[in-house]
>>> print(open('upload_5.cif').read())   # mmCIF, C-alpha atoms
data_input
loop_
_atom_site.label_atom_id
_atom_site.label_comp_id
_atom_site.auth_asym_id
_atom_site.auth_seq_id
_atom_site.Cartn_x
_atom_site.Cartn_y
_atom_site.Cartn_z
CA MET A 29 -48.87 -2.88 56.85
CA ILE A 30 -47.70 -1.77 53.44
CA THR A 31 -50.16 0.48 51.76
CA SER A 32 -50.85 0.27 48.02
CA LEU A 33 -49.16 3.66 47.52
CA GLU A 34 -45.92 2.44 49.16
CA ARG A 35 -45.98 -0.74 47.02
CA ARG A 36 -46.41 1.39 43.92
CA GLY A 37 -43.44 3.52 45.03
CA GLN A 38 -41.27 0.40 45.48
CA LEU A 39 -42.23 -0.76 42.01
CA LYS A 40 -41.25 2.63 40.54
CA VAL A 41 -37.87 2.51 42.27
CA GLN A 42 -37.32 -1.01 40.91
CA GLU A 43 -38.27 0.12 37.41
CA MET A 44 -35.88 3.04 37.66
CA ALA A 45 -33.07 0.76 38.88
CA PHE A 46 -33.64 -1.64 35.98
CA VAL A 47 -33.58 1.17 33.46
CA LEU A 48 -30.39 2.59 34.97
CA ILE A 49 -28.69 -0.82 34.93
CA ALA A 50 -29.77 -1.38 31.31
CA LEU A 51 -28.44 2.05 30.33
CA MET A 52 -25.12 1.38 32.09
CA VAL A 53 -24.75 -1.98 30.36
CA PHE A 54 -25.56 -0.34 27.03
CA PHE A 55 -23.01 2.44 27.47
CA ALA A 56 -20.39 -0.01 28.75
CA LEU A 57 -20.84 -2.14 25.62
CA ALA A 58 -20.63 0.95 23.42
CA ALA A 59 -17.44 2.06 25.21
CA ILE A 60 -15.85 -1.40 24.79
CA LEU A 61 -16.72 -1.36 21.09
CA TYR A 62 -15.28 2.13 20.66
CA ILE A 63 -12.04 1.28 22.51
CA THR A 64 -11.58 -1.92 20.46
CA ILE A 65 -12.02 -0.07 17.16
CA ARG A 66 -9.76 2.79 18.26
CA GLY A 67 -7.13 0.26 19.36
CA SER A 68 -7.12 -1.54 16.03
CA LEU A 69 -6.90 1.77 14.15
CA LEU A 70 -3.98 2.83 16.33
CA GLU A 71 -2.24 -0.48 15.57
CA GLN A 72 -2.83 0.08 11.85
CA SER A 73 -1.47 3.62 11.95
CA ALA A 74 1.63 2.40 13.87
CA ARG A 75 2.16 -0.24 11.16
CA ASP A 76 1.72 2.39 8.43
CA GLN A 77 4.22 4.66 10.13
CA SER A 78 6.80 1.89 10.39
CA ASP A 79 6.24 1.08 6.68
CA GLU A 80 6.74 4.75 5.82
CA GLN A 81 9.99 4.79 7.82
CA ALA A 82 11.25 1.69 6.05
CA LEU A 83 10.36 3.23 2.70
CA GLU A 84 12.15 6.45 3.59
CA ALA A 85 15.28 4.52 4.64
CA VAL A 86 15.24 2.62 1.34
CA ARG A 87 14.82 5.89 -0.60
CA GLN A 88 17.76 7.40 1.27
CA ILE A 89 20.01 4.43 0.51
CA ALA A 90 18.90 4.38 -3.15
CA SER A 91 19.88 8.04 -3.52
CA THR A 92 23.43 7.65 -2.16
CA PRO A 93 26.21 7.92 -4.77
CA GLU A 94 27.21 4.28 -4.17
CA PHE A 95 23.78 3.04 -5.26
CA THR A 96 22.14 5.61 -7.49
CA TRP A 97 21.69 5.32 -11.25
CA SER A 98 22.38 8.80 -12.57
CA GLU A 99 19.72 8.79 -15.28
CA CYS A 100 16.66 8.40 -13.09
CA LYS A 101 15.73 9.44 -9.61
CA GLY A 102 15.39 6.62 -7.13
CA CYS A 103 16.83 3.99 -9.48
CA ILE A 104 19.69 1.72 -8.42
CA ASP A 105 22.76 1.00 -10.50
CA LEU A 106 23.20 -2.77 -10.29
CA ASP A 107 26.76 -2.67 -11.68
CA LYS A 108 27.78 -0.23 -8.94
CA VAL A 109 26.05 -2.34 -6.29
CA PHE A 110 27.83 -5.49 -7.48
CA LEU A 111 31.21 -3.72 -7.47
CA LEU A 112 30.48 -2.39 -3.99
CA LYS A 113 29.73 -5.91 -2.81
CA GLN A 114 33.10 -7.10 -4.09
CA GLN A 115 34.85 -4.08 -2.56
CA ILE A 116 33.31 -4.82 0.85
CA ALA A 117 34.31 -8.49 0.53
CA ARG A 118 37.93 -7.37 0.05
CA ASP A 119 37.95 -4.68 2.73
CA ALA A 120 35.79 -5.45 5.80
CA SER A 121 36.28 -1.94 7.22
CA LEU A 122 33.88 -0.63 4.55
CA GLN A 123 31.02 -2.40 6.33
CA GLY A 124 30.93 0.45 8.83
CA LEU A 125 29.96 2.97 6.15
CA TRP A 126 26.25 2.28 6.69
CA ASP A 127 24.20 2.03 9.85
CA TYR A 128 22.75 -1.25 8.67
CA ASP A 129 23.47 -4.92 9.30
CA TYR A 130 22.01 -6.10 6.02
CA ILE A 131 21.61 -4.53 2.59
CA ALA A 132 20.54 -6.59 -0.42
CA VAL A 133 19.09 -5.99 -3.86
CA GLU A 134 16.80 -8.58 -5.42
CA SER A 135 15.46 -8.76 -8.94
CA VAL A 136 11.65 -9.24 -9.11
CA TYR A 137 10.72 -8.74 -12.78
CA PRO A 138 11.70 -10.13 -15.22
CA ALA A 139 12.03 -13.29 -13.13
CA ARG A 140 15.65 -14.41 -12.96
CA VAL A 141 17.22 -17.49 -11.48
CA GLY A 142 20.79 -17.99 -10.42
CA GLY A 143 20.64 -16.99 -6.77
CA GLU A 144 23.36 -14.85 -5.23
CA CYS A 145 25.42 -12.84 -7.71
CA THR A 146 29.09 -13.79 -7.92
CA PRO A 147 31.76 -12.67 -10.43
CA ALA A 148 31.11 -15.96 -12.23
CA THR A 149 27.32 -15.57 -12.48
CA TYR A 150 26.77 -11.79 -12.79
CA PRO A 151 24.45 -10.53 -14.34
CA ALA A 152 22.60 -13.85 -14.74
CA CYS A 153 21.63 -13.92 -11.08
CA ASN A 154 18.85 -12.47 -8.98
CA ARG A 155 20.26 -11.36 -5.64
CA THR A 156 23.17 -9.15 -4.62
CA THR A 157 23.87 -9.06 -0.89
CA VAL A 158 25.94 -5.94 -0.38
CA LEU A 159 26.25 -6.09 3.36
CA LEU A 160 25.78 -8.88 5.87
CA SER A 161 27.56 -7.89 9.03
CA GLN A 162 25.75 -10.34 11.31
CA GLU A 163 24.48 -13.84 10.70
CA SER A 164 21.11 -12.97 12.25
CA TYR A 165 19.94 -9.61 11.01
CA GLY A 166 16.29 -9.67 12.14
CA VAL A 167 13.39 -8.78 9.87
CA ALA A 168 14.48 -6.79 6.83
CA ALA A 169 12.39 -3.84 5.64
CA SER A 170 11.91 -3.76 1.89
CA ALA A 171 10.68 -1.46 -0.86
CA PHE A 172 10.32 -1.67 -4.60
CA VAL A 173 13.04 0.01 -6.65
CA THR A 174 14.06 0.14 -10.29
CA ILE A 175 17.41 -1.56 -10.84
CA CYS A 176 19.27 -0.51 -13.96
CA ARG A 177 22.44 -1.66 -15.67
CA TRP A 178 24.13 -1.63 -19.06
CA ASP A 179 23.70 -4.82 -21.05
CA ALA A 180 26.18 -6.38 -23.49
CA GLN A 181 24.95 -4.11 -26.33
CA GLU A 182 25.50 -1.07 -24.08
CA GLN A 183 21.79 -0.46 -23.79
CA THR A 184 20.14 0.55 -20.56
CA VAL A 185 18.09 -2.26 -19.06
CA CYS A 186 15.89 -1.50 -16.08
CA ASP A 187 14.22 -4.24 -14.04
CA LEU A 188 11.84 -4.14 -11.13
CA GLY A 189 13.57 -5.06 -7.92
CA LYS A 190 13.43 -4.87 -4.17
CA LEU A 191 15.90 -3.30 -1.81
CA TYR A 192 16.15 -4.95 1.60
CA LEU A 193 17.50 -3.22 4.68
CA SER A 194 17.87 -4.35 8.24
CA ASP A 195 19.26 -2.70 11.29
CA LYS A 196 19.06 -4.77 14.46
CA GLY A 197 20.27 -1.93 16.66
CA ARG A 198 17.50 0.35 15.43
CA GLU A 199 14.93 -2.45 15.81
CA ARG A 200 16.00 -2.98 19.41
CA ALA A 201 15.75 0.75 20.13
CA SER A 202 12.25 1.02 18.67
CA SER A 203 10.88 -2.10 20.41
CA MET B 14 -56.91 13.14 39.14
CA PRO B 15 -53.75 11.28 40.36
CA LEU B 16 -53.89 8.08 38.23
CA PRO B 17 -53.74 9.53 34.66
CA LYS B 18 -50.93 11.87 35.85
CA GLN B 19 -48.84 8.84 36.94
CA GLY B 20 -49.40 7.21 33.56
CA GLN B 21 -48.24 10.37 31.82
CA GLU B 22 -45.06 10.46 33.95
CA GLU B 23 -44.24 6.86 33.02
CA LEU B 24 -44.82 7.61 29.37
CA VAL B 25 -42.48 10.62 29.53
CA GLY B 26 -39.83 8.46 31.22
CA PHE B 27 -40.19 5.75 28.56
CA VAL B 28 -39.92 8.27 25.72
CA LEU B 29 -36.84 9.78 27.38
CA VAL B 30 -35.13 6.37 27.59
CA VAL B 31 -36.01 5.62 23.96
CA VAL B 32 -34.59 9.00 22.86
CA ILE B 33 -31.34 8.49 24.83
CA VAL B 34 -30.84 4.99 23.40
CA ALA B 35 -31.63 6.18 19.86
CA VAL B 36 -29.16 9.10 20.11
CA ALA B 37 -26.43 6.80 21.48
CA GLY B 38 -27.18 4.29 18.71
CA LEU B 39 -26.92 7.00 16.06
CA ILE B 40 -23.57 8.19 17.47
CA ILE B 41 -22.17 4.63 17.43
CA MET B 42 -23.49 4.03 13.91
CA GLY B 43 -21.95 7.29 12.69
CA LEU B 44 -18.64 6.31 14.24
CA PHE B 45 -18.78 2.91 12.56
CA LEU B 46 -19.61 4.36 9.17
CA ARG B 47 -16.75 6.87 9.43
CA ILE B 48 -14.30 4.11 10.31
CA GLU B 49 -15.63 1.85 7.55
CA SER B 50 -15.37 4.55 4.88
CA GLY B 51 -11.80 5.26 6.04
CA LYS B 52 -11.04 1.56 5.81
CA GLN B 53 -12.38 1.32 2.27
CA LYS B 54 -9.82 3.57 0.68
CA MET B 55 -6.39 3.60 2.26
CA LYS B 56 -3.64 5.23 0.24
CA SER B 57 -0.55 3.15 0.42
CA ALA B 58 2.98 4.44 0.02
CA ASP B 59 4.41 1.03 -0.91
CA ILE B 60 1.94 0.59 -3.79
CA ALA B 61 2.75 4.10 -5.05
CA GLN B 62 6.46 3.21 -4.84
CA PHE B 63 5.72 -0.02 -6.74
CA LEU B 64 4.00 1.95 -9.53
CA ASP B 65 6.81 4.54 -9.69
CA SER B 66 9.37 1.74 -10.06
CA SER B 67 7.43 -0.53 -12.41
CA LEU B 68 6.69 2.24 -14.93
CA LEU B 69 10.45 2.68 -15.36
CA VAL B 70 10.98 -1.01 -16.19
CA THR B 71 12.31 -1.66 -19.69
CA SER B 72 9.78 -3.35 -21.95
CA ARG B 73 10.23 -5.73 -24.90
CA CYS B 74 8.93 -3.04 -27.24
CA HIS B 75 10.95 -0.57 -29.32
CA LEU B 76 8.94 2.51 -30.27
CA SER B 77 11.00 4.91 -32.37
CA SER B 78 14.57 3.71 -32.10
CA PRO B 79 15.61 0.08 -32.63
CA LEU B 80 18.46 0.74 -30.19
CA PHE B 81 16.47 1.82 -27.15
CA PRO B 82 13.59 -0.29 -25.83
CA ALA B 83 10.76 1.77 -24.34
CA SER B 84 9.87 1.82 -20.67
CA MET B 85 6.40 0.88 -19.39
CA GLY B 86 5.69 4.57 -18.81
CA GLU B 87 6.57 5.38 -22.43
CA LEU B 88 4.29 2.56 -23.59
CA ALA B 89 1.48 4.07 -21.51
CA VAL B 90 1.96 7.44 -23.21
CA ALA B 91 2.02 5.83 -26.68
CA CYS B 92 -1.07 3.74 -25.91
CA SER B 93 -2.97 6.79 -24.62
CA LEU B 94 -2.32 8.52 -27.97
CA ASP B 95 -3.34 5.70 -30.25
CA LYS B 96 -4.68 2.28 -29.24
CA GLY B 97 -3.57 0.85 -32.54
CA GLU B 98 0.07 1.98 -32.16
CA ARG B 99 2.57 -0.78 -32.90
CA CYS B 100 6.09 -1.51 -31.68
CA LEU B 101 8.90 -1.83 -34.26
CA GLU B 102 8.61 -5.58 -33.62
CA GLY B 103 5.02 -5.44 -34.93
CA THR B 104 3.18 -6.13 -31.69
CA ASN B 105 0.47 -3.82 -30.40
CA VAL B 106 1.80 -1.36 -27.80
CA CYS B 107 -1.31 -1.52 -25.60
CA SER B 108 -1.30 -5.31 -25.49
CA VAL B 109 2.44 -5.40 -24.65
CA LEU B 110 1.75 -2.96 -21.81
CA ASN B 111 -1.27 -4.98 -20.68
CA ILE B 112 0.56 -8.32 -20.63
CA SER B 113 3.75 -6.90 -19.07
CA MET B 114 1.86 -5.14 -16.26
CA GLN B 115 -0.03 -8.35 -15.50
CA GLU B 116 3.27 -10.21 -15.25
CA ILE B 117 4.84 -7.47 -13.09
CA ILE B 118 1.91 -7.41 -10.66
CA LYS B 119 1.82 -11.21 -10.44
CA SER B 120 5.55 -11.45 -9.71
CA SER B 121 5.41 -8.67 -7.11
CA TRP B 122 2.26 -9.38 -5.09
CA ALA B 123 0.80 -12.71 -4.00
CA VAL B 124 -2.76 -12.51 -5.29
CA GLY B 125 -5.21 -15.35 -4.73
CA ALA B 126 -8.14 -16.64 -2.75
CA SER B 127 -5.86 -18.14 -0.11
CA SER B 128 -3.60 -15.09 0.26
CA VAL B 129 -4.19 -11.75 2.00
CA ILE B 130 -4.63 -9.97 -1.33
CA LYS B 131 -7.80 -11.42 -2.87
CA GLY B 132 -7.70 -9.43 -6.07
CA TYR B 133 -6.43 -6.33 -7.81
CA GLU B 134 -7.46 -3.66 -10.25
CA PHE B 135 -4.89 -1.82 -12.34
CA GLN B 136 -5.85 1.05 -14.57
CA ILE B 137 -4.43 3.95 -16.52
CA VAL B 138 -6.64 6.94 -17.19
CA MET B 139 -6.03 10.15 -19.11
CA MET B 140 -7.03 13.07 -16.91
CA SER B 141 -7.49 16.70 -17.73
CA ASN B 142 -5.53 18.92 -15.33
CA ARG B 143 -8.53 21.24 -15.05
CA THR B 144 -10.71 18.63 -13.39
CA THR B 145 -9.96 17.08 -10.04
CA SER B 146 -11.13 13.56 -10.87
CA PRO B 147 -10.50 11.34 -13.90
CA THR B 148 -13.50 11.58 -16.23
CA SER B 149 -12.61 9.41 -19.20
CA THR B 150 -12.69 5.64 -19.16
CA PRO B 151 -9.40 3.83 -18.54
CA PHE B 152 -7.50 2.86 -21.68
CA ILE B 153 -5.74 0.10 -19.75
CA LEU B 154 -7.76 -1.93 -17.27
CA ILE B 155 -6.58 -5.16 -15.70
CA GLN B 156 -8.71 -6.89 -13.12
CA GLU B 157 -8.21 -10.17 -11.34
CA GLY B 158 -9.78 -11.91 -8.38
CA MET B 159 -12.37 -10.54 -6.05
CA CYS B 160 -12.51 -6.83 -5.26
CA ASN B 161 -14.86 -5.68 -2.58
CA LYS B 162 -14.93 -2.65 -0.31
CA ASP B 163 -11.61 -3.03 1.54
CA TYR B 164 -8.59 -2.13 -0.49
CA ARG B 165 -5.27 -0.31 -0.49
CA LEU B 166 -4.63 2.11 -3.30
CA GLY B 167 -1.50 3.52 -4.92
CA GLU B 168 -1.36 6.25 -7.53
CA HIS B 169 1.21 7.48 -10.03
CA LEU B 170 0.96 10.67 -12.05
CA GLN B 171 2.85 11.42 -15.23
CA PRO B 172 2.43 14.12 -17.88
CA GLY B 173 0.14 13.17 -20.75
CA THR B 174 0.77 13.68 -24.42
CA ARG B 175 -1.77 16.44 -24.94
CA ARG B 176 -1.29 19.80 -23.27
CA GLY B 177 -2.97 20.03 -19.88
CA THR B 178 -3.43 16.30 -19.47
CA SER B 179 -1.90 13.73 -17.14
CA LEU B 180 -1.85 9.98 -17.08
CA VAL B 181 -3.07 8.61 -13.77
CA THR B 182 -2.01 5.05 -13.04
CA THR B 183 -3.70 3.39 -10.10
CA LEU B 184 -3.36 -0.01 -8.50
CA LYS B 185 -5.99 -1.22 -6.07
CA LEU B 186 -5.08 -4.25 -3.96
CA CYS B 187 -8.20 -5.77 -2.48
CA THR B 188 -7.73 -7.37 0.91
CA ASP B 189 -11.29 -8.45 1.67
CA ALA B 190 -13.57 -10.31 -0.72
#
>>> encode(input="upload_5.cif", output="C-alpha cells")
Amino acid sequence: MITSLERRGQLKVQEMAFVLIALMVFFALAAILYITIRGSLLEQSARDQSDEQALEAVRQIASTPEFTWSECKGCIDLDKVFLLKQQIARDASLQGLWDYDYIAVESVYPARVGGECTPATYPACNRTTVLLSQESYGVAASAFVTICRWDAQEQTVCDLGKLYLSDKGRERASS
Amino acid sequence: MPLPKQGQEELVGFVLVVVIVAVAGLIIMGLFLRIESGKQKMKSADIAQFLDSSLLVTSRCHLSSPLFPASMGELAVACSLDKGERCLEGTNVCSVLNISMQEIIKSSWAVGASSVIKGYEFQIVMMSNRTTSPTSTPFILIQEGMCNKDYRLGEHLQPGTRRGTSLVTTLKLCTDA
C-alpha cells in the first residue's frame, strides 16, 4: 500500500524532473541561439578580412611605379596603364611581373562608353585590361581608385574608377 | 507543523527557478543588444576608400584659375567657407558639389528598394579639432531611400579652412530598411 507521504514524495520528484527538463531545454535553446549568432558574426568578420586584403592588394598595385600618378597618393595614371597594356601585348614575358592573372582599370564616374580601350579609342573608352593571363580568372577583387590623365589641353583630369585584381592561385590557396 | 513548512520549501524552489530563468534571460538579452549595437554601425574600409577617391575627382567647376578645374575636395572646402561662393562659370559651388556627389554615389553603388543597399546618407561637416564629435550641422547633406538602424559607414577627414578645424565627410550605406 502506498501511503500519502510516499505519493507526495513521488509528486515532488516528478515536479523536480519537469523543472530540470524545462531548464535544460531553455539552456539548450539559449546555447543554439548564441552559437548561431556567433557563427554569423564570424562569417561577417571573415568577409571583412577578405575585403581588407583585397583593398590592401589594390593599394599596393596602385602605388607601384607602373601605375601611380605622381601628384597624388593612391591615384592611378591612366596613360601609363594604357601604355603598359600595349607593352604587355607586344611582349608576353612581361605578364610574369605581377602575381596576378587579371588586372583591369574601369572608369566609373563620369560615365563613359566605348568598352575596352584600344589605340583607336583611347581615351574615349571605359575599360583598360592590363593583364589577362588566363581565360578564366575567377572572381576579381575590386576597390575604388582615382584615375588621372592629361587631357588635350594638358590639364589634369581625375575620374573615379575601379581597379580589379584576380589571382586564381591565391584563391585556391585560401579556399 | 509539517504542512506549512512544505509549502514554504516549494515557494523557495519556485522563486529560485524564476530567478535562474530571469538571470539567463537578462544575459541573453544583453548579448543580443551588444550584437545589435555592433551591427548598427560598422565602419567600412571600402566606403572610406570610395570617399578618398571621389573627393579627388575633377569637377566641372573652376574656382580661382580658369585653367585648373577644382576637385570635389576643393569644392567642399570652398563651400564650407561660404555657401554663396560661385564657380568662374557662375554656378553655385555648393550645388555643383551636391549634384556631382549624388551622381558619383549613384554610379558607384546600386541603391534602391530591390537592391541590398536601401538608401544612403552623405554629409560633410566642419569639425573643431578640440572636440571629438562633429557639433555643427552638415553644410552638405544628401539623403536618398530608406535608412534604418543597419548601415555601413565610411569617413574621410581633410583639413578645414579655419585653423584647428577639419572637414569630416561621411557616407552611410543603409542595408536594412
>>> closest_residue(input="upload_5.cif", among="B:Asn105, B:Ser121, B:Gln21, B:Asn111", to="chain A", atoms="only C-alpha atoms")
B:Ser121
>>> residues_around(input="upload_5.cif", residues="range 71-84 of chain A", least_positions_apart="6", cutoff="10 Å", atoms="all atoms listed in the file", output="PyMOL selection string")
(chain A and resi 65+90+168-172+191-194+202) or (chain B and resi 57-59+62)
>>> resolve_selection(input="upload_5.cif", expression="the PyMOL selection byres ((chain A and resi 160) around 7)", output="number ranges by chain")
A: 129-131, 158-159, 161-162
>>> write_last_selection(input="upload_5.cif", atoms="C-alpha atoms", output="tab-separated table (two decimals), in the frame of the given file")
chain	number	residue	atom	x	y	z
A	129	ASP	CA	23.47	-4.92	9.30
A	130	TYR	CA	22.01	-6.10	6.02
A	131	ILE	CA	21.61	-4.53	2.59
A	158	VAL	CA	25.94	-5.94	-0.38
A	159	LEU	CA	26.25	-6.09	3.36
A	161	SER	CA	27.56	-7.89	9.03
A	162	GLN	CA	25.75	-10.34	11.31
>>> residues_around(input="upload_5.cif", residues="Phe27 in chain B", least_positions_apart="6", cutoff="12 Å", atoms="only C-alpha atoms", output="list in words")
Glu43, Met44 and Val47 of chain A; Gly20, Gln21, Ile33 and Val34 of chain B
>>> interface_residues(input="upload_5.cif", of="chain B", to="chain A", cutoff="6 Å", atoms="all atoms listed in the file", output="compact mmCIF listing (two decimals) with C-alpha atoms, keeping the file's coordinate frame")
# COMPACT_ATOMS: atom_id res chain seq x y z
CA PHE B 63 5.72 -0.02 -6.74
CA SER B 66 9.37 1.74 -10.06
CA SER B 67 7.43 -0.53 -12.41
CA VAL B 70 10.98 -1.01 -16.19
CA THR B 71 12.31 -1.66 -19.69
>>> resolve_selection(input="upload_5.cif", expression="the PyMOL selection byres ((chain B and resi 75) around 10)", output="list in words")
Thr71, Ser72, Arg73, Cys74, Leu76, Ser77, Ser78, Pro79, Leu80, Phe81, Pro82, Ala83, Ser84, Leu88, Arg99, Cys100, Leu101, Glu102, Gly103, Thr104 and Val106 of chain B
>>> residues_around(input="upload_5.cif", residues="Thr92 in chain A", least_positions_apart="5", cutoff="12 Å", atoms="only C-alpha atoms", output="mmCIF file with C-alpha atoms, in the frame of the given file")
data_model
loop_
_atom_site.group_PDB
_atom_site.id
_atom_site.type_symbol
_atom_site.label_atom_id
_atom_site.label_comp_id
_atom_site.auth_asym_id
_atom_site.auth_seq_id
_atom_site.Cartn_x
_atom_site.Cartn_y
_atom_site.Cartn_z
ATOM 1 C CA ALA A 85 15.280 4.520 4.640
ATOM 2 C CA VAL A 86 15.240 2.620 1.340
ATOM 3 C CA ARG A 87 14.820 5.890 -0.600
ATOM 4 C CA TRP A 97 21.690 5.320 -11.250
ATOM 5 C CA SER A 98 22.380 8.800 -12.570
ATOM 6 C CA LYS A 101 15.730 9.440 -9.610
ATOM 7 C CA GLY A 102 15.390 6.620 -7.130
ATOM 8 C CA CYS A 103 16.830 3.990 -9.480
ATOM 9 C CA ILE A 104 19.690 1.720 -8.420
ATOM 10 C CA ASP A 105 22.760 1.000 -10.500
ATOM 11 C CA LYS A 108 27.780 -0.230 -8.940
ATOM 12 C CA VAL A 109 26.050 -2.340 -6.290
ATOM 13 C CA LEU A 125 29.960 2.970 6.150
ATOM 14 C CA TRP A 126 26.250 2.280 6.690
#
>>> atom_distance(input="upload_5.cif", atom1="CA of Ala123 in chain B", atom2="CA of Gly86 in chain B")
23.3 Å
>>> atom_distance(input="upload_5.cif", atom1="CA of Val90 in chain B", atom2="CA of Thr178 in chain B")
11.0 Å
>>> residues_near_point(input="upload_5.cif", point="(-2.3, 3.7, -10.4)", cutoff="7 Å", atoms="all atoms listed in the file", output="compact mmCIF listing (two decimals) with C-alpha atoms, in the coordinates of the input")
# COMPACT_ATOMS: atom_id res chain seq x y z
CA LEU B 64 4.00 1.95 -9.53
CA PHE B 135 -4.89 -1.82 -12.34
CA GLN B 136 -5.85 1.05 -14.57
CA ILE B 137 -4.43 3.95 -16.52
CA GLY B 167 -1.50 3.52 -4.92
CA GLU B 168 -1.36 6.25 -7.53
CA HIS B 169 1.21 7.48 -10.03
CA VAL B 181 -3.07 8.61 -13.77
CA THR B 182 -2.01 5.05 -13.04
CA THR B 183 -3.70 3.39 -10.10
CA LEU B 184 -3.36 -0.01 -8.50
>>> decode(input="upload_5.cif", residues="range 173-190 of chain A", atoms="N, CA, C and O atoms", output="PDB file, in the first residue's frame")
ATOM      1  N   VAL A 173      39.412  53.678 -56.954  1.00  0.00           N
ATOM      2  CA  VAL A 173      40.662  54.430 -57.088  1.00  0.00           C
ATOM      3  C   VAL A 173      40.360  55.715 -57.871  1.00  0.00           C
ATOM      4  O   VAL A 173      39.312  55.828 -58.506  1.00  0.00           O
ATOM      5  N   THR A 174      41.289  56.641 -57.805  1.00  0.00           N
ATOM      6  CA  THR A 174      41.157  57.833 -58.638  1.00  0.00           C
ATOM      7  C   THR A 174      42.055  57.612 -59.845  1.00  0.00           C
ATOM      8  O   THR A 174      43.230  57.286 -59.678  1.00  0.00           O
ATOM      9  N   ILE A 175      41.487  57.732 -61.048  1.00  0.00           N
ATOM     10  CA  ILE A 175      42.316  57.552 -62.241  1.00  0.00           C
ATOM     11  C   ILE A 175      42.515  58.919 -62.917  1.00  0.00           C
ATOM     12  O   ILE A 175      41.553  59.605 -63.239  1.00  0.00           O
ATOM     13  N   CYS A 176      43.782  59.259 -63.096  1.00  0.00           N
ATOM     14  CA  CYS A 176      44.105  60.588 -63.621  1.00  0.00           C
ATOM     15  C   CYS A 176      44.840  60.479 -64.954  1.00  0.00           C
ATOM     16  O   CYS A 176      45.488  59.463 -65.235  1.00  0.00           O
ATOM     17  N   ARG A 177      44.708  61.495 -65.736  1.00  0.00           N
ATOM     18  CA  ARG A 177      45.416  61.577 -67.025  1.00  0.00           C
ATOM     19  C   ARG A 177      45.494  63.040 -67.437  1.00  0.00           C
ATOM     20  O   ARG A 177      44.821  63.900 -66.837  1.00  0.00           O
ATOM     21  N   TRP A 178      46.301  63.298 -68.474  1.00  0.00           N
ATOM     22  CA  TRP A 178      46.351  64.645 -69.044  1.00  0.00           C
ATOM     23  C   TRP A 178      45.367  64.685 -70.202  1.00  0.00           C
ATOM     24  O   TRP A 178      45.322  63.764 -71.003  1.00  0.00           O
ATOM     25  N   ASP A 179      44.572  65.754 -70.259  1.00  0.00           N
ATOM     26  CA  ASP A 179      43.654  65.842 -71.405  1.00  0.00           C
ATOM     27  C   ASP A 179      44.313  66.619 -72.550  1.00  0.00           C
ATOM     28  O   ASP A 179      45.499  66.982 -72.460  1.00  0.00           O
ATOM     29  N   ALA A 180      43.561  66.867 -73.615  1.00  0.00           N
ATOM     30  CA  ALA A 180      44.124  67.508 -74.806  1.00  0.00           C
ATOM     31  C   ALA A 180      44.675  68.908 -74.510  1.00  0.00           C
ATOM     32  O   ALA A 180      45.599  69.373 -75.176  1.00  0.00           O
ATOM     33  N   GLN A 181      44.103  69.589 -73.511  1.00  0.00           N
ATOM     34  CA  GLN A 181      44.581  70.940 -73.153  1.00  0.00           C
ATOM     35  C   GLN A 181      45.691  70.881 -72.090  1.00  0.00           C
ATOM     36  O   GLN A 181      45.982  71.882 -71.444  1.00  0.00           O
ATOM     37  N   GLU A 182      46.226  69.702 -71.892  1.00  0.00           N
ATOM     38  CA  GLU A 182      47.280  69.450 -70.896  1.00  0.00           C
ATOM     39  C   GLU A 182      46.843  69.835 -69.495  1.00  0.00           C
ATOM     40  O   GLU A 182      47.607  70.374 -68.699  1.00  0.00           O
ATOM     41  N   GLN A 183      45.593  69.557 -69.208  1.00  0.00           N
ATOM     42  CA  GLN A 183      45.085  69.766 -67.851  1.00  0.00           C
ATOM     43  C   GLN A 183      44.910  68.394 -67.210  1.00  0.00           C
ATOM     44  O   GLN A 183      44.573  67.419 -67.884  1.00  0.00           O
ATOM     45  N   THR A 184      45.092  68.359 -65.907  1.00  0.00           N
ATOM     46  CA  THR A 184      44.892  67.094 -65.195  1.00  0.00           C
ATOM     47  C   THR A 184      43.399  66.819 -65.068  1.00  0.00           C
ATOM     48  O   THR A 184      42.645  67.685 -64.624  1.00  0.00           O
ATOM     49  N   VAL A 185      43.010  65.616 -65.455  1.00  0.00           N
ATOM     50  CA  VAL A 185      41.611  65.215 -65.296  1.00  0.00           C
ATOM     51  C   VAL A 185      41.593  63.938 -64.469  1.00  0.00           C
ATOM     52  O   VAL A 185      42.238  62.954 -64.827  1.00  0.00           O
ATOM     53  N   CYS A 186      40.915  63.975 -63.349  1.00  0.00           N
ATOM     54  CA  CYS A 186      40.827  62.793 -62.495  1.00  0.00           C
ATOM     55  C   CYS A 186      39.395  62.281 -62.439  1.00  0.00           C
ATOM     56  O   CYS A 186      38.465  63.047 -62.174  1.00  0.00           O
ATOM     57  N   ASP A 187      39.220  61.007 -62.709  1.00  0.00           N
ATOM     58  CA  ASP A 187      37.900  60.367 -62.672  1.00  0.00           C
ATOM     59  C   ASP A 187      37.863  59.362 -61.531  1.00  0.00           C
ATOM     60  O   ASP A 187      38.905  58.978 -61.002  1.00  0.00           O
ATOM     61  N   LEU A 188      36.661  58.941 -61.198  1.00  0.00           N
ATOM     62  CA  LEU A 188      36.533  57.871 -60.213  1.00  0.00           C
ATOM     63  C   LEU A 188      36.534  56.560 -60.979  1.00  0.00           C
ATOM     64  O   LEU A 188      35.842  56.415 -61.989  1.00  0.00           O
ATOM     65  N   GLY A 189      37.331  55.623 -60.513  1.00  0.00           N
ATOM     66  CA  GLY A 189      37.402  54.347 -61.212  1.00  0.00           C
ATOM     67  C   GLY A 189      37.486  53.188 -60.258  1.00  0.00           C
ATOM     68  O   GLY A 189      37.435  53.359 -59.040  1.00  0.00           O
ATOM     69  N   LYS A 190      37.614  52.006 -60.839  1.00  0.00           N
ATOM     70  CA  LYS A 190      37.760  50.804 -60.028  1.00  0.00           C
ATOM     71  C   LYS A 190      38.929  50.008 -60.568  1.00  0.00           C
ATOM     72  O   LYS A 190      39.097  49.898 -61.785  1.00  0.00           O
TER      73      LYS A 190
END
